[in-house]
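The structure appears right after this line, and notes come after that.
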Amino acid sequence: DGRGGRRRAPASAGSLRYLKSTLAVIWRHVFRVSENQPTMFNALVIPKEHRWKQQTREAVATGDVARLTSPKSGAVSRSQMLHILTACMYYDREQLVLRPCARARAVANTAESVALYCATGMRRDEGKMLRWGMIDEAKLLITVPGTKTEGAPRMLPLQRVLLPWLARLRRQAAPPGAPLDWRPDPQDFVLASNPKRTDQPASMRTIGGRIHRALFLADMKRRGKTFHWMRATFFNWARRSAGISEGVLLAYFGHAVQYRGAANAYIDGAQGED
């Protein structure tokens with residue numbers, strides 16, 4: 001919960017069903033009951049899905065736009081983003097920088113990772129596989145190595161607001177005593193998790209776990225995948241601030257077909273304060 005404790009969350013419906021079947025097997029084994037005979041666990045009613053999923057389906061069926069655009073998994077506002085970045089920096093300082101054992105084998109780039117994903121809208125594995133040679137700061141372009149669909153390999157405009165974060169990532173990758181104009185190897189990965197192994201991609205469990213903990217510190221953890229809210233934030237901010245059409249933004253996202261599958265979640269669920 002951000003304070004050293006744990007938050008209690010309801011078990012998933014699949015886990016409950018698995019537990020029910022396991023208890024029934026143990027019951028039949030201990031009491032020598034055949035599989036055709038009922039057990040005491042038959043009275044347990046396991047829901048098919050969580051309540052929040054049922055509510056989402058009901059909202060879709062009834063056209064409840066207010067519920068569909070709630071901040072459950074959509075974009076965050078600018079004030080919320082500042083809060084999240086502050087929590088990321090605090091986590092890096094307390095858990096990585098101030099601990100010599102962690103500092104020697106980990107790169108404190110949680111806030112930089114959030115900034116990179118929110119400013120580009122890249123998928124999780126696309127950011128993981130991004131190398132320094134794919135970033136052209138002179139032409140303000142990023143070559144994204146597609147990992148999912150036919151339209152995934154693409155060129156993205158490099159926003160100037162991301163340049164200071166890239167400079168921070170370069171300083172983190174620089175060896176001790178490196179000159180100010182030092183540049184990393186073009187084949188090195190941008191989001192390296194180990195300072196001694198910048199030629200290897202970062203562990204998404206490590207980066208995702210750090211962002212997950214920082215969101216708890218900021219009291220901003222929501223249901224859903226850890227990285228999807230950053231793609232939704234990019235979509236929402238680009239549409240509102242720059243006035244870019246949805247078709248162009250979906251091309252930036254690397255969707256082969258517009259308005260299908262997960263693309264609708266970013267269009268219908270994008271929200272946030274200006």
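Each chain in the structure tokens gets a letter, A, B and so on, in the order shown; residues start at 1 in every chain, and ligands are counted from 1 in the order they appear.
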
With range 98-122 of chain A as the partner and 12 Å as the cut-off, tabulate the residues of range 137-186 of chain A that qualify, each row holding the nearest pair of atoms and their distance in Å to one decimal, using only C-alpha atoms, sorted by chain and rising number, as JSON lines.
{"residue": "A:Leu141", "atom": "CA", "partner": "A:Thr120", "partner_atom": "CA", "distance": 10.7}
{"residue": "A:Ile142", "atom": "CA", "partner": "A:Thr120", "partner_atom": "CA", "distance": 8.8}
{"residue": "A:Thr143", "atom": "CA", "partner": "A:Thr120", "partner_atom": "CA", "distance": 10.9}
{"residue": "A:Val144", "atom": "CA", "partner": "A:Met122", "partner_atom": "CA", "distance": 7.9}
{"residue": "A:Pro145", "atom": "CA", "partner": "A:Met122", "partner_atom": "CA", "distance": 9.8}
{"residue": "A:Gly146", "atom": "CA", "partner": "A:Met122", "partner_atom": "CA", "distance": 9.3}
{"residue": "A:Thr147", "atom": "CA", "partner": "A:Met122", "partner_atom": "CA", "distance": 10.3}
{"residue": "A:Lys148", "atom": "CA", "partner": "A:Met122", "partner_atom": "CA", "distance": 11.2}
{"residue": "A:Ala152", "atom": "CA", "partner": "A:Met122", "partner_atom": "CA", "distance": 9.5}
{"residue": "A:Pro153", "atom": "CA", "partner": "A:Met122", "partner_atom": "CA", "distance": 10.8}
{"residue": "A:Arg154", "atom": "CA", "partner": "A:Met122", "partner_atom": "CA", "distance": 10.5}
{"residue": "A:Met155", "atom": "CA", "partner": "A:Thr120", "partner_atom": "CA", "distance": 10.5}
{"residue": "A:Leu156", "atom": "CA", "partner": "A:Thr120", "partner_atom": "CA", "distance": 7.3}
{"residue": "A:Pro157", "atom": "CA", "partner": "A:Thr120", "partner_atom": "CA", "distance": 8.1}
{"residue": "A:Leu158", "atom": "CA", "partner": "A:Thr120", "partner_atom": "CA", "distance": 7.6}
{"residue": "A:Gln159", "atom": "CA", "partner": "A:Ala119", "partner_atom": "CA", "distance": 7.0}
{"residue": "A:Arg160", "atom": "CA", "partner": "A:Ala119", "partner_atom": "CA", "distance": 9.5}
{"residue": "A:Val161", "atom": "CA", "partner": "A:Ala119", "partner_atom": "CA", "distance": 7.9}
{"residue": "A:Leu162", "atom": "CA", "partner": "A:Ala119", "partner_atom": "CA", "distance": 6.6}
{"residue": "A:Leu163", "atom": "CA", "partner": "A:Leu116", "partner_atom": "CA", "distance": 9.7}
{"residue": "A:Pro164", "atom": "CA", "partner": "A:Glu112", "partner_atom": "CA", "distance": 9.5}
{"residue": "A:Trp165", "atom": "CA", "partner": "A:Glu112", "partner_atom": "CA", "distance": 5.8}
{"residue": "A:Leu166", "atom": "CA", "partner": "A:Glu112", "partner_atom": "CA", "distance": 7.7}
{"residue": "A:Ala167", "atom": "CA", "partner": "A:Glu112", "partner_atom": "CA", "distance": 9.8}
{"residue": "A:Arg168", "atom": "CA", "partner": "A:Glu112", "partner_atom": "CA", "distance": 7.6}
{"residue": "A:Leu169", "atom": "CA", "partner": "A:Glu112", "partner_atom": "CA", "distance": 7.0}
{"residue": "A:Arg170", "atom": "CA", "partner": "A:Asn109", "partner_atom": "CA", "distance": 10.7}
{"residue": "A:Arg171", "atom": "CA", "partner": "A:Asn109", "partner_atom": "CA", "distance": 10.8}
{"residue": "A:Gln172", "atom": "CA", "partner": "A:Val107", "partner_atom": "CA", "distance": 7.0}
{"residue": "A:Ala173", "atom": "CA", "partner": "A:Val107", "partner_atom": "CA", "distance": 8.2}
{"residue": "A:Ala174", "atom": "CA", "partner": "A:Val107", "partner_atom": "CA", "distance": 11.3}

Could you write those residues out with N, CA, C and O atoms, as a tab-separated table (two decimals), in the first residue's frame?
chain	number	residue	atom	x	y	z
A	141	LEU	N	13.10	12.33	-34.65
A	141	LEU	CA	12.40	11.12	-35.08
A	141	LEU	C	12.84	9.93	-34.24
A	141	LEU	O	13.98	9.85	-33.79
A	142	ILE	N	11.91	9.01	-34.03
A	142	ILE	CA	12.19	7.75	-33.34
A	142	ILE	C	11.73	6.61	-34.24
A	142	ILE	O	10.60	6.60	-34.72
A	143	THR	N	12.62	5.67	-34.49
A	143	THR	CA	12.27	4.47	-35.24
A	143	THR	C	11.87	3.39	-34.26
A	143	THR	O	12.68	2.92	-33.46
A	144	VAL	N	10.60	3.00	-34.30
A	144	VAL	CA	10.07	2.05	-33.34
A	144	VAL	C	10.16	0.64	-33.93
A	144	VAL	O	9.63	0.39	-35.01
A	145	PRO	N	10.83	-0.28	-33.23
A	145	PRO	CA	10.88	-1.66	-33.71
A	145	PRO	C	9.57	-2.37	-33.40
A	145	PRO	O	9.31	-2.75	-32.27
A	146	GLY	N	8.72	-2.53	-34.37
A	146	GLY	CA	7.42	-3.14	-34.13
A	146	GLY	C	7.53	-4.54	-33.57
A	146	GLY	O	8.40	-5.31	-33.94
A	147	THR	N	6.62	-4.87	-32.66
A	147	THR	CA	6.65	-6.18	-32.01
A	147	THR	C	5.33	-6.93	-32.06
A	147	THR	O	5.26	-8.06	-31.61
A	148	LYS	N	4.27	-6.31	-32.62
A	148	LYS	CA	2.96	-6.95	-32.47
A	148	LYS	C	2.19	-7.10	-33.77
A	148	LYS	O	1.74	-8.20	-34.10
A	152	ALA	N	3.13	-2.13	-36.78
A	152	ALA	CA	3.90	-1.79	-35.59
A	152	ALA	C	5.23	-1.12	-35.92
A	152	ALA	O	5.58	-0.12	-35.30
A	153	PRO	N	6.06	-1.62	-36.89
A	153	PRO	CA	7.29	-0.89	-37.23
A	153	PRO	C	6.93	0.46	-37.86
A	153	PRO	O	6.26	0.53	-38.88
A	154	ARG	N	7.42	1.54	-37.28
A	154	ARG	CA	6.96	2.86	-37.71
A	154	ARG	C	7.95	3.93	-37.24
A	154	ARG	O	8.85	3.68	-36.45
A	155	MET	N	7.70	5.15	-37.74
A	155	MET	CA	8.47	6.33	-37.33
A	155	MET	C	7.57	7.20	-36.47
A	155	MET	O	6.41	7.43	-36.81
A	156	LEU	N	8.12	7.67	-35.36
A	156	LEU	CA	7.38	8.53	-34.46
A	156	LEU	C	8.07	9.89	-34.35
A	156	LEU	O	9.31	9.96	-34.35
A	157	PRO	N	7.30	10.97	-34.24
A	157	PRO	CA	7.92	12.27	-33.98
A	157	PRO	C	8.44	12.32	-32.54
A	157	PRO	O	7.77	11.90	-31.61
A	158	LEU	N	9.66	12.82	-32.40
A	158	LEU	CA	10.26	12.95	-31.08
A	158	LEU	C	9.86	14.30	-30.49
A	158	LEU	O	10.24	15.35	-30.99
A	159	GLN	N	9.07	14.27	-29.44
A	159	GLN	CA	8.62	15.49	-28.81
A	159	GLN	C	9.77	16.15	-28.04
A	159	GLN	O	10.55	15.49	-27.37
A	160	ARG	N	9.83	17.47	-28.14
A	160	ARG	CA	10.91	18.19	-27.46
A	160	ARG	C	10.82	18.06	-25.95
A	160	ARG	O	11.84	18.14	-25.25
A	161	VAL	N	9.62	17.83	-25.43
A	161	VAL	CA	9.48	17.68	-23.99
A	161	VAL	C	10.19	16.42	-23.49
A	161	VAL	O	10.51	16.31	-22.30
A	162	LEU	N	10.47	15.49	-24.39
A	162	LEU	CA	11.14	14.25	-24.00
A	162	LEU	C	12.66	14.40	-23.98
A	162	LEU	O	13.35	13.56	-23.38
A	163	LEU	N	13.21	15.43	-24.61
A	163	LEU	CA	14.65	15.58	-24.71
A	163	LEU	C	15.35	15.64	-23.35
A	163	LEU	O	16.39	15.00	-23.16
A	164	PRO	N	14.84	16.40	-22.36
A	164	PRO	CA	15.52	16.39	-21.06
A	164	PRO	C	15.52	15.01	-20.39
A	164	PRO	O	16.48	14.66	-19.71
A	165	TRP	N	14.48	14.22	-20.62
A	165	TRP	CA	14.44	12.88	-20.04
A	165	TRP	C	15.44	11.96	-20.73
A	165	TRP	O	16.05	11.10	-20.07
A	166	LEU	N	15.62	12.15	-22.03
A	166	LEU	CA	16.64	11.37	-22.73
A	166	LEU	C	18.04	11.75	-22.25
A	166	LEU	O	18.93	10.90	-22.15
A	167	ALA	N	18.23	13.03	-21.95
A	167	ALA	CA	19.53	13.46	-21.41
A	167	ALA	C	19.79	12.82	-20.05
A	167	ALA	O	20.93	12.43	-19.74
A	168	ARG	N	18.76	12.69	-19.25
A	168	ARG	CA	18.92	12.01	-17.95
A	168	ARG	C	19.27	10.54	-18.15
A	168	ARG	O	20.11	9.99	-17.43
A	169	LEU	N	18.64	9.89	-19.12
A	169	LEU	CA	18.96	8.50	-19.40
A	169	LEU	C	20.39	8.34	-19.90
A	169	LEU	O	21.06	7.35	-19.57
A	170	ARG	N	20.88	9.30	-20.69
A	170	ARG	CA	22.27	9.23	-21.15
A	170	ARG	C	23.24	9.39	-19.99
A	170	ARG	O	24.26	8.69	-19.92
A	171	ARG	N	22.95	10.31	-19.08
A	171	ARG	CA	23.83	10.49	-17.92
A	171	ARG	C	23.86	9.24	-17.05
A	171	ARG	O	24.89	8.89	-16.47
A	172	GLN	N	22.72	8.56	-16.94
A	172	GLN	CA	22.68	7.34	-16.15
A	172	GLN	C	23.49	6.22	-16.80
A	172	GLN	O	24.05	5.37	-16.11
A	173	ALA	N	23.55	6.22	-18.13
A	173	ALA	CA	24.29	5.18	-18.85
A	173	ALA	C	25.77	5.48	-18.96
A	173	ALA	O	26.56	4.59	-19.30
A	174	ALA	N	26.17	6.74	-18.71
A	174	ALA	CA	27.56	7.13	-18.88
A	174	ALA	C	28.45	6.49	-17.81
A	174	ALA	O	28.05	6.40	-16.64

Rounded to one decimal in Å, what is the spacing between CA of Leu215 in chain A and CA of Val76 in chain A?
11.9 Å

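Here the strand (DSSP E or B) residues in range 41-253 of chain A, by DSSP on the backbone, are Arg131, Ile135, Asp136, Leu141, Ile142, Thr143, Val144, Arg154, Met155, Leu156, Pro157 and Phe189 of chain A.
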
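One distance worth recording is that between CA of Ile84 in chain A and CA of Arg210 in chain A, which is 11.8 Å.
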
Restricting the calculation to only C-alpha atoms, which member of A:Ala75, A:Ile135, A:Ala43, A:Leu180 is positioned closest to Thr233 in chain A?
A:Ala75

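Put simply, CA of Glu94 in chain A is 25.3 Å away from CA of Gln200 in chain A.
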
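The residue that comes closest to Met89 in chain A, out of A:Arg213, A:Arg239, A:Lys221, A:Arg205 and on the basis of only C-alpha atoms, is A:Arg213.
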
Extract, using only C-alpha atoms, all DNA, RNA and protein residues at most 6 Å from Ala192 in chain A, discarding same-chain residues fewer than 4 positions from it, and format them as a list of chain:residue names.
A:Thr198, A:Pro201, A:Ala202

Members of range 79-161 of chain A assigned helix (DSSP H, G or I) by DSSP, as a ChimeraX atom specification:
/A:79-97,100-103,110-120,124-128,132-134,160-161
